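Just data-v7.txt here, compact mmCIF, C-alpha atoms:
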# COMPACT_ATOMS: atom_id res chain seq x y z
CA MET I 1 -26.98 21.43 -19.73
CA VAL I 2 -23.64 21.07 -21.47
CA ALA I 3 -20.71 22.47 -19.48
CA ALA I 4 -19.11 25.62 -20.92
CA TRP I 5 -15.75 23.92 -21.47
CA LYS I 6 -17.42 21.13 -23.43
CA ALA I 7 -19.37 23.56 -25.59
CA ALA I 8 -16.06 25.28 -26.39
CA GLY I 9 -14.67 22.00 -27.73
CA LEU I 10 -12.32 21.11 -24.86
CA THR I 11 -12.02 17.48 -23.75
CA TYR I 12 -12.49 16.57 -20.09
CA ASN I 13 -8.76 15.74 -19.81
CA LYS I 14 -7.80 19.11 -21.21
CA TYR I 15 -10.27 20.88 -18.89
CA LEU I 16 -8.83 19.04 -15.86
CA SER I 17 -5.27 19.85 -16.83
CA ILE I 18 -6.09 23.57 -17.22
CA ALA I 19 -7.81 23.61 -13.81
CA ALA I 20 -4.87 21.78 -12.20
CA ARG I 21 -2.34 24.13 -13.81
CA VAL I 22 -4.09 27.25 -12.57
CA VAL I 23 -4.38 25.75 -9.06
CA ARG I 24 -0.63 25.02 -9.02
CA ARG I 25 0.17 28.57 -10.16
CA SER I 26 -1.97 30.06 -7.37
CA LEU I 27 0.14 28.51 -4.62
CA LYS I 28 2.60 30.29 -2.37
CA GLU I 29 6.23 30.24 -3.46
CA GLN I 30 7.36 27.09 -1.62
CA PRO I 31 4.56 24.63 -2.41
CA ARG I 32 4.35 26.04 -5.95
CA LEU I 33 7.98 25.24 -6.69
CA ALA I 34 7.53 21.72 -5.31
CA ALA I 35 4.37 21.19 -7.38
CA GLU I 36 5.88 22.52 -10.60
CA ARG I 37 9.00 20.40 -10.21
CA ARG I 38 6.70 17.38 -10.17
CA GLY I 39 5.35 18.34 -13.59
CA GLU I 40 8.75 18.60 -15.28
CA MET I 41 9.44 16.17 -18.06
CA GLN I 42 11.92 15.81 -20.87
CA LEU I 43 11.37 13.91 -24.07
CA LYS I 44 13.49 13.96 -27.21
CA PHE I 45 12.70 12.16 -30.39
CA ALA I 46 14.81 11.29 -33.44
CA LYS I 47 14.15 8.97 -36.32
CA TRP I 48 17.01 6.72 -37.42
CA GLU I 49 17.23 5.92 -41.11
CA ASN I 50 19.94 3.83 -42.85
CA GLY I 51 22.05 3.85 -39.68
CA LYS I 52 21.97 7.64 -39.38
CA GLN I 53 20.24 9.72 -36.79
CA GLY I 54 17.69 12.16 -38.13
CA GLU I 55 16.74 15.52 -36.74
CA VAL I 56 16.30 15.59 -32.94
CA LYS I 57 12.95 17.00 -31.91
CA ASN I 58 12.25 18.13 -28.37
CA LEU I 59 8.75 16.86 -27.58
CA ALA I 60 8.70 18.29 -24.04
CA LYS I 61 8.19 21.78 -25.48
CA GLU I 62 5.07 20.79 -27.39
CA PRO I 63 1.84 22.13 -25.91
CA LEU I 64 -0.17 19.82 -23.63
CA GLU I 65 -1.92 17.04 -25.48
CA GLN I 66 -5.54 17.80 -26.37
CA MET W 1 -33.66 -50.03 4.89
CA ASN W 2 -36.20 -47.79 6.49
CA SER W 3 -33.75 -46.35 8.98
CA PHE W 4 -31.23 -45.72 6.18
CA ARG W 5 -33.79 -43.73 4.27
CA ALA W 6 -34.62 -41.67 7.34
CA ALA W 7 -30.93 -40.99 7.99
CA SER W 8 -30.32 -39.82 4.45
CA ARG W 9 -33.34 -37.56 4.65
CA ILE W 10 -31.95 -35.97 7.82
CA ALA W 11 -28.57 -35.53 6.13
CA LEU W 12 -30.24 -33.77 3.23
CA ARG W 13 -32.10 -31.53 5.61
CA THR W 14 -29.07 -30.59 7.71
CA LYS W 15 -26.91 -29.54 4.77
CA PRO W 16 -28.64 -26.25 3.95
CA THR W 17 -28.95 -25.26 7.63
CA ARG W 18 -25.20 -25.73 8.07
CA ALA W 19 -24.58 -23.49 5.09
CA LEU W 20 -26.76 -20.80 6.68
CA LEU W 21 -24.83 -20.99 9.96
CA ALA W 22 -21.44 -20.65 8.27
CA PRO W 23 -19.93 -17.20 8.79
CA ARG W 24 -20.47 -15.01 5.79
CA ARG W 25 -18.75 -11.78 4.87
CA ASN W 26 -20.82 -8.94 3.57
CA TYR W 27 -20.41 -5.22 2.94
CA ALA W 28 -21.52 -4.04 6.38
CA GLU W 29 -19.03 -6.25 8.23
CA ALA W 30 -16.12 -5.22 6.02
CA ALA W 31 -16.52 -1.52 6.83
CA GLY W 32 -15.42 0.35 9.94
CA PRO W 33 -17.54 1.82 12.75
CA ALA W 34 -21.21 2.23 11.78
CA ASP W 35 -21.28 6.03 12.23
CA LYS W 36 -18.11 6.77 10.24
CA ILE W 37 -17.29 7.03 6.59
CA ARG W 38 -13.99 5.60 5.38
CA LEU W 39 -12.32 8.29 3.28
CA SER W 40 -9.57 7.93 0.72
CA LEU W 41 -8.46 11.21 -0.86
CA THR W 42 -5.94 10.42 -3.55
CA LEU W 43 -3.97 12.39 -6.11
CA PRO W 44 -1.81 10.88 -8.85
CA HIS W 45 1.31 11.57 -6.75
CA GLN W 46 0.10 11.40 -3.15
CA SER W 47 -2.52 9.90 -0.81
CA ILE W 48 -3.76 12.62 1.55
CA TYR W 49 -6.24 10.29 3.31
CA LYS W 50 -5.80 6.55 3.12
CA ALA W 51 -8.92 4.72 4.38
CA SER W 52 -9.33 7.05 7.41
CA ASP W 53 -12.59 6.99 9.35
CA VAL W 54 -14.16 10.45 9.37
CA ILE W 55 -17.58 11.77 10.34
CA GLN W 56 -18.59 13.82 7.34
CA VAL W 57 -17.22 15.05 4.02
CA ASN W 58 -18.70 18.02 2.14
CA ILE W 59 -17.98 18.00 -1.58
CA PRO W 60 -18.67 20.45 -4.43
CA ALA W 61 -20.36 18.10 -6.93
CA GLU W 62 -21.42 19.18 -10.42
CA SER W 63 -25.00 18.45 -9.36
CA GLY W 64 -24.70 20.70 -6.29
CA ASP W 65 -22.85 20.84 -2.97
CA MET W 66 -23.43 17.76 -0.86
CA GLY W 67 -22.49 16.39 2.55
CA ILE W 68 -21.66 12.71 2.81
CA LEU W 69 -22.18 10.78 6.04
CA ALA W 70 -21.95 7.08 6.83
CA ASN W 71 -24.34 4.77 4.96
CA HIS W 72 -24.79 7.22 2.12
CA VAL W 73 -26.51 5.87 -0.96
CA PRO W 74 -23.88 4.62 -3.46
CA SER W 75 -23.15 7.23 -6.10
CA ILE W 76 -20.56 8.68 -8.45
CA GLU W 77 -20.22 12.45 -8.52
CA GLN W 78 -18.16 14.65 -10.79
CA LEU W 79 -16.52 17.41 -8.75
CA ARG W 80 -16.28 21.07 -9.63
CA PRO W 81 -13.03 22.81 -8.75
CA GLY W 82 -13.73 23.86 -5.18
CA VAL W 83 -13.32 23.33 -1.46
CA ILE W 84 -13.94 20.03 0.29
CA ASP W 85 -14.58 19.96 4.04
CA ILE W 86 -13.49 16.93 5.99
CA ILE W 87 -14.98 16.68 9.48
CA GLU W 88 -12.98 14.37 11.70
CA GLU W 89 -13.83 13.27 15.20
CA GLY W 90 -12.05 15.51 17.72
CA ALA W 91 -9.77 17.11 15.12
CA GLY W 92 -12.40 19.56 13.85
CA SER W 93 -12.66 20.23 10.13
CA LYS W 94 -9.99 20.35 7.44
CA GLN W 95 -10.37 22.14 4.12
CA PHE W 96 -8.67 21.40 0.84
CA PHE W 97 -9.06 23.08 -2.54
CA LEU W 98 -9.46 20.44 -5.26
CA SER W 99 -8.86 21.16 -8.92
CA GLY W 100 -11.70 18.84 -9.97
CA GLY W 101 -12.12 15.07 -10.18
CA PHE W 102 -14.52 12.40 -9.04
CA ALA W 103 -16.03 11.18 -5.77
CA VAL W 104 -17.26 7.59 -5.54
CA VAL W 105 -19.47 6.46 -2.66
CA GLN W 106 -19.38 2.69 -2.30
CA PRO W 107 -22.12 0.63 -0.62
CA ASP W 108 -20.01 -0.14 2.47
CA SER W 109 -19.56 3.48 3.71
CA GLN W 110 -16.40 3.97 1.73
CA LEU W 111 -15.74 7.25 -0.05
CA SER W 112 -12.99 7.55 -2.65
CA ILE W 113 -12.15 11.02 -3.94
CA ASN W 114 -9.77 11.33 -6.86
CA ALA W 115 -8.42 14.68 -7.97
CA VAL W 116 -5.49 16.01 -9.94
CA GLU W 117 -4.39 18.59 -7.37
CA ALA W 118 -5.49 19.25 -3.79
CA PHE W 119 -3.91 21.68 -1.35
CA PRO W 120 -4.87 23.06 2.08
CA LEU W 121 -6.25 26.62 1.80
CA GLU W 122 -3.29 28.13 3.67
CA ASP W 123 -0.96 27.06 0.82
CA PHE W 124 -2.54 29.54 -1.58
CA SER W 125 -1.36 33.06 -2.19
CA PRO W 126 -4.20 35.59 -2.64
CA GLU W 127 -1.84 37.87 -4.63
CA ALA W 128 -1.09 35.11 -7.15
CA VAL W 129 -4.81 34.42 -7.51
CA ARG W 130 -5.58 38.11 -8.10
CA ALA W 131 -2.78 38.53 -10.65
CA GLN W 132 -3.83 35.43 -12.59
CA LEU W 133 -7.49 36.42 -12.51
CA ALA W 134 -6.67 39.82 -14.05
CA GLU W 135 -4.57 38.13 -16.74
CA ALA W 136 -7.25 35.51 -17.53
CA GLN W 137 -9.96 38.19 -17.75
CA ARG W 138 -7.79 40.17 -20.16
CA ILE W 139 -7.39 37.10 -22.41
CA ALA W 140 -11.08 36.16 -22.19
CA SER W 141 -12.21 39.57 -23.38
CA GLY W 142 -9.35 39.94 -25.90
CA SER W 143 -9.22 38.85 -29.51
CA GLY W 144 -7.18 35.67 -29.11
CA SER W 145 -8.02 32.28 -30.61
CA GLU W 146 -11.19 30.47 -29.60
CA GLN W 147 -9.02 27.91 -27.76
CA ASP W 148 -7.25 30.61 -25.70
CA ILE W 149 -10.55 32.23 -24.75
CA ALA W 150 -12.06 28.88 -23.70
CA GLU W 151 -8.98 28.12 -21.55
CA ALA W 152 -9.10 31.58 -19.98
CA LYS W 153 -12.78 31.07 -19.11
CA VAL W 154 -11.98 27.77 -17.35
CA GLU W 155 -9.22 29.58 -15.44
CA ILE W 156 -11.56 32.41 -14.43
CA GLU W 157 -14.07 29.92 -13.04
CA VAL W 158 -11.38 28.19 -10.95
CA LEU W 159 -9.79 31.44 -9.78
CA GLU W 160 -13.10 33.05 -8.77
CA THR W 161 -13.99 29.99 -6.68
CA LEU W 162 -10.52 30.06 -5.14
CA GLN W 163 -10.74 33.77 -4.39
CA ALA W 164 -14.11 33.33 -2.68
CA ALA W 165 -12.72 30.42 -0.63
CA LEU W 166 -9.72 32.44 0.56
CA LYS W 167 -11.79 35.33 1.93
Write the structure described by the file as structure tokens, please.
Amino acid sequence: MVAAWKAAGLTYNKYLSIAARVVRRSLKEQPRLAAERRGEMQLKFAKWENGKQGEVKNLAKEPLEQ
Amino acid sequence: MNSFRAASRIALRTKPTRALLAPRRNYAEAAGPADKIRLSLTLPHQSIYKASDVIQVNIPAESGDMGILANHVPSIEQLRPGVIDIIEEGAGSKQFFLSGGFAVVQPDSQLSINAVEAFPLEDFSPEAVRAQLAEAQRIASGSGSEQDIAEAKVEIEVLETLQAALK
């Protein structure tokens, strides 16, 4: 039998990350804040062309990778 | 000449016996006490158990719930999001909710469990579970994208297991 998440087109990584996210959100205030702080990340991206910086894109706001 | 030949024959014969007597290391000797299973429960950011000897571990495998004792047959099991029971000598049993991962039983009574998140049951808030379950059910029966509905269904499965475990 194919798992429901697989039939819906999710990858195993995506499925695990959804399960982990919902577990983190179900915690009490204190452990939840500690767990969510662990998941914070910042990533900015800009392409340089002819010695000039292009548009800065904030990649951290993109949705989780598939 | 004759005695030399006899001596060399003895030398040939003694070599393999010496090799048999030499101490050899195998799986059974490398492991801990015979009636214990050596558990490592690891997350990407933390080791909850690091090669601790425990009596039994109950895991929610995809193929069904199973209890693992010492000398279990080697296997690899995918875990459902759910509760694992760890029975330690003297200390009673400890329960953690795992968000899903893998359990690997090695031939020398070693058990490695890898998960993304694992927390003791007392760290969960039943109100947060109930609120999220209501939200996920609303999305699952709504008219959102196929992706949103699939994600909500995964969440419902996790939350329902969590809610049952907290009762």
From the options W:Leu39, W:Ile48, W:Ile139, W:Leu121, which residue's atoms come nearest to chain I, counting all atoms listed in the file?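 With all atoms listed in the file as the atom set, the closest residue is W:Leu121.
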Please report the interatomic distance between CA of Ala136 in chain W and CA of Ala164 in chain W in Å with one decimal. 16.5 Å
Just want the 8 Å neighbourhood of range 5-21 of chain I, counted on all atoms listed in the file, with same-chain residues fewer than 5 positions away dropped. Output as a ChimeraX atom specification. /I:65-66 /W:81,99-101,116-117,146-147,150-151,154-155,158
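Our summary of the geometry notes that CA of Arg32 in chain I is positioned 10.6 Å from CA of Ala128 in chain W.
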In Å to one decimal, how far is CA of Leu133 in chain W from CA of Thr161 in chain W?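 Taking CA of Thr161 in chain W as the start and CA of Leu133 in chain W as the end point, the length is 10.8 Å.
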Counting only C-alpha atoms, which of I:Lys47, I:Lys52, I:Lys28, I:Arg38 gets nearest to chain W?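 Looking only at the distances to chain W, the closest residue turns out to be I:Lys28.
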